[in-house]
>>> print(open('start39.cif').read())   # mmCIF, C-alpha atoms, pLDDT in the B column; chains and numbers go by the auth columns
data_input
loop_
_atom_site.group_PDB
_atom_site.id
_atom_site.type_symbol
_atom_site.label_atom_id
_atom_site.label_comp_id
_atom_site.label_asym_id
_atom_site.label_seq_id
_atom_site.Cartn_x
_atom_site.Cartn_y
_atom_site.Cartn_z
_atom_site.B_iso_or_equiv
_atom_site.auth_seq_id
_atom_site.auth_asym_id
ATOM 1 C CA ALA A 1 115.111 85.811 102.522 55.00 263 A
ATOM 2 C CA LYS A 2 112.425 83.703 100.872 55.00 264 A
ATOM 3 C CA GLU A 3 112.549 80.996 103.530 60.00 265 A
ATOM 4 C CA TYR A 4 111.823 83.593 106.242 58.00 266 A
ATOM 5 C CA ALA A 5 108.857 85.223 104.450 58.00 267 A
ATOM 6 C CA GLU A 6 106.250 83.283 106.439 65.00 268 A
ATOM 7 C CA THR A 7 108.019 82.586 109.724 72.00 269 A
ATOM 8 C CA ASN A 8 109.966 85.812 110.210 74.00 270 A
ATOM 9 C CA PRO A 9 108.649 88.525 107.873 72.00 271 A
ATOM 10 C CA ALA A 10 110.785 91.286 109.427 78.00 272 A
ATOM 11 C CA ARG A 11 113.994 89.303 108.870 80.00 273 A
ATOM 12 C CA SER A 12 112.840 88.375 105.367 79.00 274 A
ATOM 13 C CA LEU A 13 112.138 92.011 104.551 77.00 275 A
ATOM 14 C CA ALA A 14 115.584 93.103 105.745 83.00 276 A
ATOM 15 C CA LEU A 15 117.292 90.392 103.695 83.00 277 A
ATOM 16 C CA ALA A 16 115.188 91.174 100.631 80.00 278 A
ATOM 17 C CA LYS A 17 116.113 94.863 100.870 84.00 279 A
ATOM 18 C CA ARG A 18 119.794 93.907 101.017 86.00 280 A
ATOM 19 C CA ALA A 19 119.377 91.557 98.045 87.00 281 A
ATOM 20 C CA GLU A 20 117.656 94.375 96.185 83.00 282 A
ATOM 21 C CA GLU A 21 120.624 96.690 96.829 88.00 283 A
ATOM 22 C CA VAL A 22 123.091 94.088 95.532 90.00 284 A
ATOM 23 C CA ALA A 23 120.948 93.361 92.457 85.00 285 A
ATOM 24 C CA LEU A 24 120.766 97.078 91.688 84.00 286 A
ATOM 25 C CA LEU A 25 124.540 97.413 91.939 89.00 287 A
ATOM 26 C CA GLU A 26 125.032 94.438 89.637 90.00 288 A
ATOM 27 C CA GLY A 27 122.249 95.386 87.228 84.00 289 A
ATOM 28 C CA ASP A 28 120.587 91.985 87.702 84.00 290 A
ATOM 29 C CA GLU A 29 116.916 92.539 86.788 83.00 291 A
ATOM 30 C CA ASP A 30 115.837 88.975 87.574 83.00 292 A
ATOM 31 C CA SER A 31 117.312 89.035 91.089 85.00 293 A
ATOM 32 C CA LEU A 32 115.894 92.503 91.624 83.00 294 A
ATOM 33 C CA ALA A 33 112.421 91.223 90.734 84.00 295 A
ATOM 34 C CA ASP A 34 112.826 88.201 93.021 84.00 296 A
ATOM 35 C CA ALA A 35 113.869 90.446 95.904 84.00 297 A
ATOM 36 C CA PHE A 36 110.897 92.722 95.323 85.00 298 A
ATOM 37 C CA ARG A 37 108.490 89.772 95.276 83.00 299 A
ATOM 38 C CA ILE A 38 109.916 88.629 98.621 83.00 300 A
ATOM 39 C CA LYS A 39 109.338 92.128 100.025 85.00 301 A
ATOM 40 C CA VAL A 40 105.693 91.893 98.968 87.00 302 A
ATOM 41 C CA SER A 41 105.345 88.424 100.550 85.00 303 A
ATOM 42 C CA SER A 42 106.944 89.678 103.747 84.00 304 A
ATOM 43 C CA SER A 43 104.510 92.583 103.912 85.00 305 A
ATOM 44 C CA ILE A 44 101.557 90.242 103.484 85.00 306 A
ATOM 45 C CA ASN A 45 102.857 87.832 106.111 83.00 307 A
ATOM 46 C CA SER A 46 103.422 90.643 108.574 83.00 308 A
ATOM 47 C CA GLY A 47 99.755 91.581 108.146 86.00 309 A
ATOM 48 C CA ASP A 48 100.288 94.694 106.070 87.00 310 A
ATOM 49 C CA VAL A 49 98.295 93.679 102.997 88.00 311 A
ATOM 50 C CA GLU A 50 97.499 97.284 102.127 89.00 312 A
ATOM 51 C CA ALA A 51 101.217 98.112 101.943 88.00 313 A
ATOM 52 C CA ALA A 52 101.844 95.059 99.757 88.00 314 A
ATOM 53 C CA VAL A 53 99.116 96.108 97.325 89.00 315 A
ATOM 54 C CA GLN A 54 100.282 99.726 97.200 92.00 316 A
ATOM 55 C CA MET A 55 103.931 98.714 96.809 91.00 317 A
ATOM 56 C CA SER A 56 103.015 96.389 93.940 88.00 318 A
ATOM 57 C CA TRP A 57 100.972 98.984 92.061 89.00 319 A
ATOM 58 C CA ASP A 58 103.702 101.601 92.578 89.00 320 A
ATOM 59 C CA ASN A 59 106.184 99.079 91.226 86.00 321 A
ATOM 60 C CA LEU A 60 104.069 98.585 88.088 88.00 322 A
ATOM 61 C CA ASP A 61 103.880 102.351 87.554 87.00 323 A
ATOM 62 C CA GLU A 62 107.683 102.605 87.809 86.00 324 A
ATOM 63 C CA ALA A 63 108.167 99.530 85.634 84.00 325 A
ATOM 64 C CA HIS A 64 106.326 101.131 82.734 82.00 326 A
ATOM 65 C CA LYS A 65 109.119 103.715 82.658 83.00 327 A
ATOM 66 C CA SER A 66 111.882 101.105 82.846 78.00 328 A
ATOM 67 C CA GLY A 67 110.968 98.718 80.065 78.00 329 A
ATOM 68 C CA LYS A 68 109.421 95.441 79.057 84.00 330 A
ATOM 69 C CA VAL A 69 111.254 93.161 81.492 84.00 331 A
ATOM 70 C CA SER A 70 110.367 95.301 84.497 87.00 332 A
ATOM 71 C CA THR A 71 106.758 95.595 83.373 92.00 333 A
ATOM 72 C CA ALA A 72 106.393 91.832 82.945 93.00 334 A
ATOM 73 C CA GLN A 73 107.985 91.241 86.348 92.00 335 A
ATOM 74 C CA ALA A 74 105.697 93.801 87.989 92.00 336 A
ATOM 75 C CA ASN A 75 102.655 92.123 86.453 95.00 337 A
ATOM 76 C CA LEU A 76 103.849 88.761 87.760 95.00 338 A
ATOM 77 C CA THR A 77 104.162 90.242 91.253 93.00 339 A
ATOM 78 C CA LEU A 78 100.599 91.546 91.032 95.00 340 A
ATOM 79 C CA ALA A 79 99.345 88.163 89.791 96.00 341 A
ATOM 80 C CA GLU A 80 101.006 86.418 92.740 93.00 342 A
ATOM 81 C CA LEU A 81 99.665 89.008 95.162 93.00 343 A
ATOM 82 C CA TYR A 82 96.104 88.658 93.925 95.00 344 A
ATOM 83 C CA LEU A 83 96.455 84.874 94.031 94.00 345 A
ATOM 84 C CA VAL A 84 97.060 85.136 97.773 91.00 346 A
ATOM 85 C CA LEU A 85 94.156 87.574 98.107 93.00 347 A
ATOM 86 C CA GLY A 86 91.822 85.277 96.148 95.00 348 A
ATOM 87 C CA ASP A 87 91.013 87.711 93.327 97.00 349 A
ATOM 88 C CA THR A 88 91.332 85.290 90.418 97.00 350 A
ATOM 89 C CA GLU A 89 90.144 87.821 87.846 97.00 351 A
ATOM 90 C CA GLN A 90 93.111 90.067 88.679 97.00 352 A
ATOM 91 C CA VAL A 91 95.398 87.019 88.801 97.00 353 A
ATOM 92 C CA ARG A 92 94.438 86.003 85.273 97.00 354 A
ATOM 93 C CA LYS A 93 94.740 89.554 83.940 97.00 355 A
ATOM 94 C CA HIS A 94 98.211 90.202 85.339 97.00 356 A
ATOM 95 C CA ALA A 95 99.484 86.661 84.768 97.00 357 A
ATOM 96 C CA GLU A 96 98.541 86.892 81.090 97.00 358 A
ATOM 97 C CA LEU A 97 100.219 90.294 80.728 96.00 359 A
ATOM 98 C CA ALA A 98 103.331 88.916 82.424 96.00 360 A
ATOM 99 C CA ALA A 99 103.399 85.706 80.385 97.00 361 A
ATOM 100 C CA THR A 100 103.007 87.607 77.122 96.00 362 A
ATOM 101 C CA GLY A 101 105.823 89.973 78.042 95.00 363 A
ATOM 102 C CA PHE A 102 108.168 87.202 79.151 95.00 364 A
ATOM 103 C CA LYS A 103 107.416 85.116 76.071 96.00 365 A
ATOM 104 C CA LEU A 104 108.260 88.052 73.780 95.00 366 A
ATOM 105 C CA LEU A 105 111.533 88.465 75.662 93.00 367 A
ATOM 106 C CA GLY A 106 112.376 84.760 75.442 95.00 368 A
ATOM 107 C CA LYS A 107 112.294 84.306 79.227 94.00 369 A
ATOM 108 C CA THR A 108 110.875 80.793 79.445 95.00 370 A
ATOM 109 C CA ARG A 109 111.345 80.300 83.202 93.00 371 A
ATOM 110 C CA TRP A 110 109.505 83.533 83.937 93.00 372 A
ATOM 111 C CA THR A 111 106.773 82.670 81.412 96.00 373 A
ATOM 112 C CA ALA A 112 106.283 79.403 83.300 97.00 374 A
ATOM 113 C CA LYS A 113 105.977 81.262 86.611 95.00 375 A
ATOM 114 C CA ALA A 114 103.267 83.498 85.153 97.00 376 A
ATOM 115 C CA LYS A 115 101.424 80.529 83.636 97.00 377 A
ATOM 116 C CA GLY A 116 101.633 78.842 87.041 97.00 378 A
ATOM 117 C CA CYS A 117 99.569 81.683 88.473 97.00 379 A
ATOM 118 C CA THR A 118 96.970 81.090 85.765 97.00 380 A
ATOM 119 C CA ALA A 119 96.826 77.389 86.681 97.00 381 A
ATOM 120 C CA GLN A 120 96.396 78.195 90.372 97.00 382 A
ATOM 121 C CA ALA A 121 93.666 80.750 89.620 97.00 383 A
ATOM 122 C CA ALA A 122 91.759 78.164 87.595 97.00 384 A
ATOM 123 C CA LEU A 123 91.983 75.700 90.467 96.00 385 A
ATOM 124 C CA GLN A 124 90.841 78.358 92.963 96.00 386 A
ATOM 125 C CA ASP A 125 87.828 78.913 90.705 97.00 387 A
ATOM 126 C CA GLY A 126 87.125 75.167 90.676 97.00 388 A
ATOM 127 C CA ASP A 127 87.956 74.856 86.974 97.00 389 A
ATOM 128 C CA CYS A 128 89.993 71.671 87.108 96.00 390 A
ATOM 129 C CA ILE A 129 90.089 71.227 83.333 96.00 391 A
ATOM 130 C CA ASP A 130 91.637 74.647 82.705 95.00 392 A
ATOM 131 C CA GLY A 131 93.849 74.209 85.768 95.00 393 A
ATOM 132 C CA GLU A 132 95.199 70.921 84.434 96.00 394 A
ATOM 133 C CA LYS A 133 95.704 72.375 80.953 96.00 395 A
ATOM 134 C CA SER A 134 97.623 75.328 82.381 95.00 396 A
ATOM 135 C CA ALA A 135 99.667 73.090 84.680 96.00 397 A
ATOM 136 C CA LYS A 136 100.698 70.938 81.718 96.00 398 A
ATOM 137 C CA GLU A 137 101.778 74.064 79.874 95.00 399 A
ATOM 138 C CA VAL A 138 103.887 75.111 82.887 96.00 400 A
ATOM 139 C CA LEU A 139 105.522 71.687 82.964 95.00 401 A
ATOM 140 C CA ARG A 140 106.250 71.882 79.230 95.00 402 A
ATOM 141 C CA LEU A 141 107.846 75.311 79.650 95.00 403 A
ATOM 142 C CA TYR A 142 110.063 74.136 82.493 92.00 404 A
ATOM 143 C CA GLN A 143 111.181 71.167 80.377 93.00 405 A
ATOM 144 C CA GLU A 144 112.350 73.423 77.508 85.00 406 A
#
>>> encode(input="start39.cif", output="structure tokens")
Amino acid sequence: AKEYAETNPARSLALAKRAEEVALLEGDEDSLADAFRIKVSSSINSGDVEAAVQMSWDNLDEAHKSGKVSTAQANLTLAELYLVLGDTEQVRKHAELAATGFKLLGKTRWTAKAKGCTAQAALQDGDCIDGEKSAKEVLRLYQE
């Protein structure tokens, strides 16, 4: 589904919904989060930014009821969304919340993804020093 997000958002959305169904049946939170993030990307790429934003905020509201993993994943989705929209303040806020949650849960790969958003936000802001520092931290996390 991910490979279709930009070129064929409708196909990507259909595949992501199917992946979401399978992940729900199997109780796979990580795959469920990945599928949801693809749905958000597909909505953006189909031109429905408003739906992507609303879907992401609704997801965060639901995640608060589900637990720490879901909340961290929802914050990561919002960080990635705001990265695309160019709102680096929101990126940093949600990326930090996500990274903190993932770190507490021992989810290094997901922590790295959240820190990657922080690095990209710094670069969008023209802060190359902070961007490089954050990128090095991402690399270190992926090497663990």
>>> resolve_selection(input="start39.cif", expression="the PyMOL selection byres ((chain A and resi 351-367) around 12)", output="PyMOL selection string")
chain A and resi 292+318-319+322+329-350+368-387+392-393+396+399-400+403
>>> residues_around(input="start39.cif", residues="Ala278 (chain A)", least_positions_apart="2", cutoff="9 Å", atoms="only C-alpha atoms", output="PyMOL selection string")
chain A and resi 263-264+273-276+280-283+296-301+304
>>> resolve_selection(input="start39.cif", expression="the PyMOL selection byres ((chain A and resi 307) around 9)", output="list of chain:residue names")
A:Ala267, A:Glu268, A:Thr269, A:Asn270, A:Pro271, A:Val302, A:Ser303, A:Ser304, A:Ser305, A:Ile306, A:Ser308, A:Gly309, A:Asp310, A:Val311
>>> atom_distance(input="start39.cif", atom1="CA of Asp389 (chain A)", atom2="CA of Arg402 (chain A)")
20.1 Å
